[in-house]
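Here the structure is laid out as structure tokens; the discussion comes afterwards.
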Amino acid sequence: MDGYPYSDLSGRNVRELSDLVMESEGKPLRSVIVSTWRSGSSFLGDLVDAHPASYYYFEPLLYLGIVQFRRPLPSPEPFNTLRSLFNCDFSNLGNFLKYRSTDKWHSDDYNRYLRKQCRRNKNTCHDPVFSTKFCSLFPFQVAKIVGLDLALMDSFLEDNDLGIKIVFLIRDPRGVLHSRKSLDWCRNTPNCLNPVSLCTNMLLDYATAMDFSTRFPESFKVLRYEDLVGNPQRISREIYSFYGMAFHNVAREFVNTHTRVSRGDEYSTFRNSSAVSFQWKEKLAFDEVNVIQENCYEAIQIWGYNLAFNGSHQKNFDPLRPLTTRNFNYFR
């Protein structure tokens with residue numbers, strides 16, 4: 001945090017580090033990403049988490065299963081879990097802590113500071129007292145949430161005490177469904193490969209995004225994955241500024257190293273961004289693309305994407321056009 005411009009970027013009356021640290025009775029900056037599976041949210045989450053002073057919640061509702069939460073919720077547990085996490089209160093999160101302590105993929109690969117502690121002493125992973133005190137040391141909380149309808153974040157945005165800021169990440173449904181095809185868990189999950197289900201949610205989320213842009217102009221923004229990877233340095237800076245976080249050198253290096261070359265498995269965030277963004281154009285047959293387009297025509301149109309007319313057009317056209325609505329708060 002050396003040299004952090006508190007008064008310039010935080011958007012609050014913050015003068016020093018203690019003002020952002022719960023251990024010192026301060027209030028952290030809470031930066032939230034809401035998206036759906038395979039929309040580029042892991043890359044965006046890692047980008048925001050690249051700041052060395054961040055404490056990262058990677059898909060905190062994953063312990064409840066790979067499900068899409070919609071109203072009416074069968075239980076208040078998703079809400080209660082998120083609110084407890086935002087407040088660094090682990091006293092009633094036994095199921096969450098149990099999952100975190102037993103699932104290696106979840107606990108060992110994402111929150112880097114917690115990972116170090118868990119490797120030294122595995123008991124810390126499910127100790128609510130340790131987790132509460134440890135979380136309370138960090139000035140930035142970052143949460144990447146998938147499987148939750150955007151409308152369900154309404155009460156969190158209304159809570160001025162939390163002061164969260166949300167970036168809603170959207171991606172071309174053709175790219176989303178192409179990416180999901182390679183995942184075993186998706187093939188075995190109801191509606192995961194169903195374009196009707198995906199695009200119905202995209203339409204609902206569009207209406208919610210319009211509403212949130214009007215009601216919460218300072219704490220809600222939309223980002224298209226294709227815009228981010230098309231200009232990663234500029235938009236990354238804008239995302240950090242929106243969240244109130246200075247664009248640390250480590251974040252700048254993250255963008256440099258994660259957008260130029262692809263390596264690792266399908267979960268890797270090292271990607272040649274310009275190639276991966278529209279990879280579906282080469283990998284999907286036009287018949288597959290056409291099925292998606294027929295079921296997603298309205299969603300594709302309102303989110304600012306172009307249609308492919310045939311196989312040869314698909315290979316060479318630009319799927320992206322500007323969002324035209326004036327009442328939309330989005331990174332462009």
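Each chain in the structure tokens gets a letter, A, B, ..., in the order shown, and its residues are numbered from 1; ligands are numbered from 1 in order too.
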Residue list (helix (DSSP H, G or I), DSSP) for stretch 214-317 of chain A, as a ChimeraX atom specification: /A:214-215,225-230,232-243,249-258,273-276,280-283,286-295,297-302,311-316
Selection: 10 Å around stretch 207-217 of chain A, only C-alpha atoms, excl. self and same-chain fewer than 2 positions, as a list of chain:residue names: A:Asp149, A:Leu150, A:Ala151, A:Leu152, A:Met153, A:Asp154, A:Leu157, A:Glu158, A:Lys165, A:Ile166, A:Phe168, A:Met202, A:Leu203, A:Leu204, A:Asp205, A:Ser219, A:Phe220, A:Lys221, A:Val222, A:Thr325, A:Arg326, A:Asn327, A:Phe328, A:Asn329, A:Tyr330
Selected residue of minimal separation from A:Arg112 among A:Val34, A:Val196, A:Cys296, A:Ala50, counting only C-alpha atoms: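 The closest residue to A:Arg112 is A:Ala50.
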For stretch 225-232 of chain A: contacts at 10 Å, only C-alpha atoms, fewer than 5 positions along chain excluded, given as a PyMOL selection string: chain A and resi 39-41+43-44+169-172+175+237-239+252+255-256+258-259+271-278+319-322+331-332
Of the listed residues A:Leu17, A:Ala299, A:Leu62, A:Cys135, that which approaches A:Asn201 most closely, counting only C-alpha atoms: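 Ranking A:Leu17, A:Ala299, A:Leu62, A:Cys135 by distance to A:Asn201, first place goes to A:Ala299.
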Selection: 6 Å around A:His126, only C-alpha atoms, excl. self and same-chain fewer than 6 positions, as a ChimeraX atom specification: /A:97-98,101
All strand (DSSP E or B) residues (DSSP, backbone) inside stretch 95-245 of chain A, as a ChimeraX atom specification: /A:140-146,148,164-170,220-224
Expected file: the selected residues, N, CA, C and O atoms, as an mmCIF file, in the first residue's frame:
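For reference, selection22.cif as written:
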data_model
loop_
_atom_site.group_PDB
_atom_site.id
_atom_site.type_symbol
_atom_site.label_atom_id
_atom_site.label_comp_id
_atom_site.auth_asym_id
_atom_site.auth_seq_id
_atom_site.Cartn_x
_atom_site.Cartn_y
_atom_site.Cartn_z
ATOM 1 N N PHE A 140 -8.810 -4.395 0.912
ATOM 2 C CA PHE A 140 -9.622 -4.656 -0.273
ATOM 3 C C PHE A 140 -10.199 -6.060 -0.203
ATOM 4 O O PHE A 140 -9.472 -7.033 -0.001
ATOM 5 N N GLN A 141 -11.518 -6.167 -0.366
ATOM 6 C CA GLN A 141 -12.174 -7.461 -0.513
ATOM 7 C C GLN A 141 -12.621 -7.603 -1.960
ATOM 8 O O GLN A 141 -13.267 -6.697 -2.498
ATOM 9 N N VAL A 142 -12.281 -8.724 -2.567
ATOM 10 C CA VAL A 142 -12.661 -9.002 -3.948
ATOM 11 C C VAL A 142 -13.473 -10.295 -3.966
ATOM 12 O O VAL A 142 -13.031 -11.315 -3.410
ATOM 13 N N ALA A 143 -14.642 -10.276 -4.581
ATOM 14 C CA ALA A 143 -15.483 -11.468 -4.675
ATOM 15 C C ALA A 143 -15.928 -11.665 -6.114
ATOM 16 O O ALA A 143 -16.418 -10.731 -6.755
ATOM 17 N N LYS A 144 -15.732 -12.889 -6.597
ATOM 18 C CA LYS A 144 -16.210 -13.248 -7.927
ATOM 19 C C LYS A 144 -17.362 -14.230 -7.752
ATOM 20 O O LYS A 144 -17.185 -15.344 -7.285
ATOM 21 N N ILE A 145 -18.582 -13.787 -8.115
ATOM 22 C CA ILE A 145 -19.795 -14.556 -7.850
ATOM 23 C C ILE A 145 -20.415 -14.995 -9.167
ATOM 24 O O ILE A 145 -20.704 -14.169 -10.043
ATOM 25 N N VAL A 146 -20.619 -16.285 -9.337
ATOM 26 C CA VAL A 146 -21.323 -16.816 -10.503
ATOM 27 C C VAL A 146 -22.509 -17.644 -10.009
ATOM 28 O O VAL A 146 -22.546 -18.092 -8.871
ATOM 29 N N LEU A 148 -25.602 -16.564 -9.672
ATOM 30 C CA LEU A 148 -26.562 -15.766 -8.907
ATOM 31 C C LEU A 148 -27.153 -14.723 -9.842
ATOM 32 O O LEU A 148 -26.419 -13.931 -10.442
ATOM 33 N N ILE A 164 -20.518 -1.743 -1.353
ATOM 34 C CA ILE A 164 -19.924 -2.562 -2.403
ATOM 35 C C ILE A 164 -20.082 -1.899 -3.769
ATOM 36 O O ILE A 164 -20.993 -1.101 -3.998
ATOM 37 N N LYS A 165 -19.171 -2.243 -4.665
ATOM 38 C CA LYS A 165 -19.269 -1.844 -6.061
ATOM 39 C C LYS A 165 -19.250 -3.104 -6.917
ATOM 40 O O LYS A 165 -18.448 -4.011 -6.676
ATOM 41 N N ILE A 166 -20.143 -3.139 -7.892
ATOM 42 C CA ILE A 166 -20.327 -4.345 -8.703
ATOM 43 C C ILE A 166 -19.975 -4.060 -10.156
ATOM 44 O O ILE A 166 -20.425 -3.072 -10.736
ATOM 45 N N VAL A 167 -19.174 -4.946 -10.726
ATOM 46 C CA VAL A 167 -19.007 -5.011 -12.178
ATOM 47 C C VAL A 167 -19.745 -6.260 -12.649
ATOM 48 O O VAL A 167 -19.450 -7.371 -12.189
ATOM 49 N N PHE A 168 -20.712 -6.055 -13.525
ATOM 50 C CA PHE A 168 -21.438 -7.182 -14.110
ATOM 51 C C PHE A 168 -20.782 -7.530 -15.439
ATOM 52 O O PHE A 168 -20.745 -6.708 -16.359
ATOM 53 N N LEU A 169 -20.270 -8.753 -15.548
ATOM 54 C CA LEU A 169 -19.522 -9.187 -16.727
ATOM 55 C C LEU A 169 -20.414 -10.023 -17.637
ATOM 56 O O LEU A 169 -21.016 -10.999 -17.200
ATOM 57 N N ILE A 170 -20.482 -9.623 -18.895
ATOM 58 C CA ILE A 170 -21.298 -10.329 -19.881
ATOM 59 C C ILE A 170 -20.399 -10.790 -21.021
ATOM 60 O O ILE A 170 -19.351 -10.201 -21.275
ATOM 61 N N PHE A 220 -22.295 0.654 -9.768
ATOM 62 C CA PHE A 220 -22.606 -0.459 -10.664
ATOM 63 C C PHE A 220 -22.170 -0.121 -12.079
ATOM 64 O O PHE A 220 -22.427 0.971 -12.578
ATOM 65 N N LYS A 221 -21.500 -1.092 -12.720
ATOM 66 C CA LYS A 221 -21.100 -0.931 -14.118
ATOM 67 C C LYS A 221 -21.141 -2.278 -14.822
ATOM 68 O O LYS A 221 -20.946 -3.332 -14.211
ATOM 69 N N VAL A 222 -21.373 -2.203 -16.124
ATOM 70 C CA VAL A 222 -21.389 -3.382 -16.983
ATOM 71 C C VAL A 222 -20.086 -3.438 -17.775
ATOM 72 O O VAL A 222 -19.545 -2.410 -18.193
ATOM 73 N N LEU A 223 -19.596 -4.654 -17.979
ATOM 74 C CA LEU A 223 -18.399 -4.874 -18.783
ATOM 75 C C LEU A 223 -18.622 -6.067 -19.694
ATOM 76 O O LEU A 223 -19.031 -7.128 -19.233
ATOM 77 N N ARG A 224 -18.373 -5.888 -20.975
ATOM 78 C CA ARG A 224 -18.381 -7.022 -21.890
ATOM 79 C C ARG A 224 -16.966 -7.614 -21.949
ATOM 80 O O ARG A 224 -15.980 -6.874 -22.088
#
